[in-house]
Amino acid sequence: MRVFGQFGSSLAAVALTATLTASLAVGTAVADDAADYPSRPVRIVVPYPPAGTTDILARIVGQHMSETLGQQFIVENKPGAGNNIGTEMVVNSAPDGYTLLLANPANGINASLYKKLSFNFLRDIVPVAGIVRVPNVMEVNPNFPAKTVAEFVAYAKANPGKVNMASSGNGTSVHLSGEMLMAMTGIKMTHVPYRGAGPALTDLIAGTVDVIFDNLPSSIAHIQSGKLRALAVTTDAPSEQLPGVPTVAATVPGYEASAWFGFGAPKGTPPAVIAKLNAAVNKALADPKVKARLAELGGAPLVGPPEAFGKVMKDETEKWEKVVKFSGASVD
């Protein structure tokens, strides 16, 4: 029995050694996942055309990440299907950290707005890092007769269906902010979706459409130059970047909307890679030049670990689901 016991002890020792060796190997493999990352350029997929807020933020932060991590972070614009084409591309990409999504409000909205999606945003995209939260701004062509939200609502009620509301696409916060106003005031506007904020703003400036509830970063320069007139911001407090511009809620109590942005990656991306990317994004957000640029665009940085941005993704998806149901909006 003693011999058997010694033999058993030897087996146990071998098993323990094997377990420890395997654990060390796994730990080393996880560390190695990020040891030489990135060793080649990284794609940032922006599901919109150039010149919109999503594109602007990707380029600002991506440039800083390139400098920090020593590889190019290349912005790749993949617009279409209300943001879903670019998102699906990232979902189906290798989970190796070399393809990132510039996640935005449409991702959370589309989860309930679109009835048939080939992916589940919260399941298939893992959070990497938040970038910024910004107000939307209700703005019109300077020749539009209304100069306040109250005047706009009165005009729209007197002209049902004749006010053309532009958006950066079906399911965006730009779209749903307008739907929310219609639901809360009873006005009727004709929705004109574009493939991003850039072309929508071009037509608004030209007077082809009448109003948009755009993310502030892509519109602020046009507002400051006088090409567009801001009627109100959609957040519950005014924006420091637009002094004198009231909130929609000052006229329509209870109205509130804002836009959030950050990086996501395909499910299965190694945690060590995500941690390295998160650190690089937070470093960018702490850089005085980047902070100043984001402040100019009216944004409040979303600094924190991946889990913090994951909570934003979840909370916003649940929030906009209520808005979608409230408005009755739906896309097949």
# chains A, B, ... in the order shown; residues from 1 in each chain; ligands from 1

$ closest_atom_pairs --of "range 144-230 of chain A" --to "range 66-80 of chain A" --cutoff "12 Å" --atoms "only C-alpha atoms" --output "JSON lines"
{"residue": "A:Ser168", "atom": "CA", "partner": "A:Pro79", "partner_atom": "CA", "distance": 10.1}
{"residue": "A:Gly169", "atom": "CA", "partner": "A:Gly80", "partner_atom": "CA", "distance": 8.2}
{"residue": "A:Asn170", "atom": "CA", "partner": "A:Gly80", "partner_atom": "CA", "distance": 9.7}
{"residue": "A:Gly171", "atom": "CA", "partner": "A:Gly80", "partner_atom": "CA", "distance": 11.5}
{"residue": "A:Thr172", "atom": "CA", "partner": "A:Gly80", "partner_atom": "CA", "distance": 11.8}
{"residue": "A:Pro193", "atom": "CA", "partner": "A:Gly80", "partner_atom": "CA", "distance": 10.9}
{"residue": "A:Tyr194", "atom": "CA", "partner": "A:Gly80", "partner_atom": "CA", "distance": 9.2}
{"residue": "A:Arg195", "atom": "CA", "partner": "A:Gly80", "partner_atom": "CA", "distance": 6.2}
{"residue": "A:Gly196", "atom": "CA", "partner": "A:Pro79", "partner_atom": "CA", "distance": 7.3}
{"residue": "A:Ala197", "atom": "CA", "partner": "A:Pro79", "partner_atom": "CA", "distance": 10.9}
{"residue": "A:Gly198", "atom": "CA", "partner": "A:Pro79", "partner_atom": "CA", "distance": 11.6}
{"residue": "A:Pro199", "atom": "CA", "partner": "A:Pro79", "partner_atom": "CA", "distance": 11.9}

$ write_last_selection --atoms "N, CA, C and O atoms" --output "compact mmCIF listing (two decimals), in the first residue's frame"
# COMPACT_ATOMS: atom_id res chain seq x y z
N SER A 168 -28.87 61.39 -40.81
CA SER A 168 -27.68 60.69 -41.32
C SER A 168 -27.97 59.23 -41.62
O SER A 168 -27.06 58.46 -41.91
N GLY A 169 -29.25 58.84 -41.55
CA GLY A 169 -29.64 57.49 -41.89
C GLY A 169 -30.71 56.95 -40.96
O GLY A 169 -30.87 57.43 -39.83
N ASN A 170 -31.46 55.97 -41.42
CA ASN A 170 -32.47 55.33 -40.59
C ASN A 170 -31.83 54.75 -39.33
O ASN A 170 -30.81 54.08 -39.40
N GLY A 171 -32.42 55.03 -38.19
CA GLY A 171 -31.94 54.42 -36.96
C GLY A 171 -30.87 55.18 -36.23
O GLY A 171 -30.47 54.77 -35.14
N THR A 172 -30.41 56.28 -36.78
CA THR A 172 -29.39 57.06 -36.07
C THR A 172 -30.06 57.89 -34.98
O THR A 172 -31.26 58.10 -34.98
N PRO A 193 -33.78 60.28 -45.16
CA PRO A 193 -32.52 59.71 -44.69
C PRO A 193 -31.40 59.83 -45.72
O PRO A 193 -31.64 59.68 -46.92
N TYR A 194 -30.19 60.12 -45.24
CA TYR A 194 -29.00 60.19 -46.10
C TYR A 194 -28.01 59.12 -45.66
O TYR A 194 -28.18 58.49 -44.62
N ARG A 195 -26.97 58.94 -46.43
CA ARG A 195 -25.93 57.98 -46.10
C ARG A 195 -24.83 58.65 -45.28
O ARG A 195 -23.65 58.59 -45.60
N GLY A 196 -25.25 59.36 -44.23
CA GLY A 196 -24.29 60.04 -43.37
C GLY A 196 -24.62 61.51 -43.22
O GLY A 196 -25.40 62.08 -43.99
N ALA A 197 -24.00 62.14 -42.21
CA ALA A 197 -24.29 63.54 -41.92
C ALA A 197 -23.73 64.47 -42.99
O ALA A 197 -24.33 65.52 -43.28
N GLY A 198 -22.59 64.12 -43.58
CA GLY A 198 -21.97 65.00 -44.58
C GLY A 198 -22.91 65.40 -45.70
O GLY A 198 -23.16 66.59 -45.91
N PRO A 199 -23.45 64.42 -46.45
CA PRO A 199 -24.37 64.79 -47.54
C PRO A 199 -25.67 65.42 -47.05
O PRO A 199 -26.25 66.26 -47.74

$ closest_residue --among "A:Leu242, A:Ile85, A:Pro49, A:Gly254" --to "Glu296 in chain A" --atoms "only C-alpha atoms"
A:Leu242

$ select_by_dssp --residues "range 30-218 of chain A" --states "alpha helix (DSSP H)" --output "count of residues only"
80

$ closest_atom_pairs --of "range 116-225 of chain A" --to "range 255-274 of chain A" --cutoff "10 Å" --atoms "only C-alpha atoms" --output "JSON lines"
{"residue": "A:Phe121", "atom": "CA", "partner": "A:Gly264", "partner_atom": "CA", "distance": 9.8}
{"residue": "A:Leu122", "atom": "CA", "partner": "A:Lys267", "partner_atom": "CA", "distance": 9.5}
{"residue": "A:Arg123", "atom": "CA", "partner": "A:Lys267", "partner_atom": "CA", "distance": 7.3}
{"residue": "A:Asp124", "atom": "CA", "partner": "A:Lys267", "partner_atom": "CA", "distance": 5.0}
{"residue": "A:Ile125", "atom": "CA", "partner": "A:Pro266", "partner_atom": "CA", "distance": 4.9}
{"residue": "A:Val126", "atom": "CA", "partner": "A:Ala265", "partner_atom": "CA", "distance": 5.4}
{"residue": "A:Pro127", "atom": "CA", "partner": "A:Gly264", "partner_atom": "CA", "distance": 4.6}
{"residue": "A:Val128", "atom": "CA", "partner": "A:Gly264", "partner_atom": "CA", "distance": 5.0}
{"residue": "A:Ala129", "atom": "CA", "partner": "A:Phe263", "partner_atom": "CA", "distance": 5.3}
{"residue": "A:Gly130", "atom": "CA", "partner": "A:Gly262", "partner_atom": "CA", "distance": 4.0}
{"residue": "A:Ile131", "atom": "CA", "partner": "A:Gly262", "partner_atom": "CA", "distance": 4.6}
{"residue": "A:Val132", "atom": "CA", "partner": "A:Phe261", "partner_atom": "CA", "distance": 5.5}
{"residue": "A:Arg133", "atom": "CA", "partner": "A:Trp260", "partner_atom": "CA", "distance": 4.3}
{"residue": "A:Val134", "atom": "CA", "partner": "A:Ala259", "partner_atom": "CA", "distance": 5.2}
{"residue": "A:Pro135", "atom": "CA", "partner": "A:Ser258", "partner_atom": "CA", "distance": 4.6}
{"residue": "A:Asn136", "atom": "CA", "partner": "A:Ser258", "partner_atom": "CA", "distance": 5.7}
{"residue": "A:Val137", "atom": "CA", "partner": "A:Ser258", "partner_atom": "CA", "distance": 9.2}
{"residue": "A:Thr172", "atom": "CA", "partner": "A:Ala259", "partner_atom": "CA", "distance": 9.3}
{"residue": "A:Ser173", "atom": "CA", "partner": "A:Ala259", "partner_atom": "CA", "distance": 6.6}
{"residue": "A:Val174", "atom": "CA", "partner": "A:Ala259", "partner_atom": "CA", "distance": 8.6}
{"residue": "A:Leu176", "atom": "CA", "partner": "A:Ala257", "partner_atom": "CA", "distance": 8.9}
{"residue": "A:Ser177", "atom": "CA", "partner": "A:Ala257", "partner_atom": "CA", "distance": 6.5}
{"residue": "A:Met180", "atom": "CA", "partner": "A:Tyr255", "partner_atom": "CA", "distance": 7.7}
{"residue": "A:Leu181", "atom": "CA", "partner": "A:Tyr255", "partner_atom": "CA", "distance": 7.6}
{"residue": "A:Met184", "atom": "CA", "partner": "A:Tyr255", "partner_atom": "CA", "distance": 7.9}
{"residue": "A:Phe213", "atom": "CA", "partner": "A:Ala257", "partner_atom": "CA", "distance": 9.9}
{"residue": "A:Asp214", "atom": "CA", "partner": "A:Ala259", "partner_atom": "CA", "distance": 9.5}
{"residue": "A:Asn215", "atom": "CA", "partner": "A:Ala259", "partner_atom": "CA", "distance": 6.8}
{"residue": "A:Leu216", "atom": "CA", "partner": "A:Ala259", "partner_atom": "CA", "distance": 9.1}

$ closest_residue --among "A:Asn104, A:Ser112, A:Asn92, A:Thr247" --to "Ala58 in chain A" --atoms "only C-alpha atoms"
A:Asn104

$ closest_atom_pairs --of "range 166-204 of chain A" --to "range 142-150 of chain A" --cutoff "12 Å" --atoms "only C-alpha atoms" --output "JSON lines"
{"residue": "A:Leu181", "atom": "CA", "partner": "A:Val149", "partner_atom": "CA", "distance": 10.3}
{"residue": "A:Thr185", "atom": "CA", "partner": "A:Ala150", "partner_atom": "CA", "distance": 10.3}
{"residue": "A:Ile187", "atom": "CA", "partner": "A:Ala150", "partner_atom": "CA", "distance": 11.7}
{"residue": "A:Leu204", "atom": "CA", "partner": "A:Pro142", "partner_atom": "CA", "distance": 9.5}
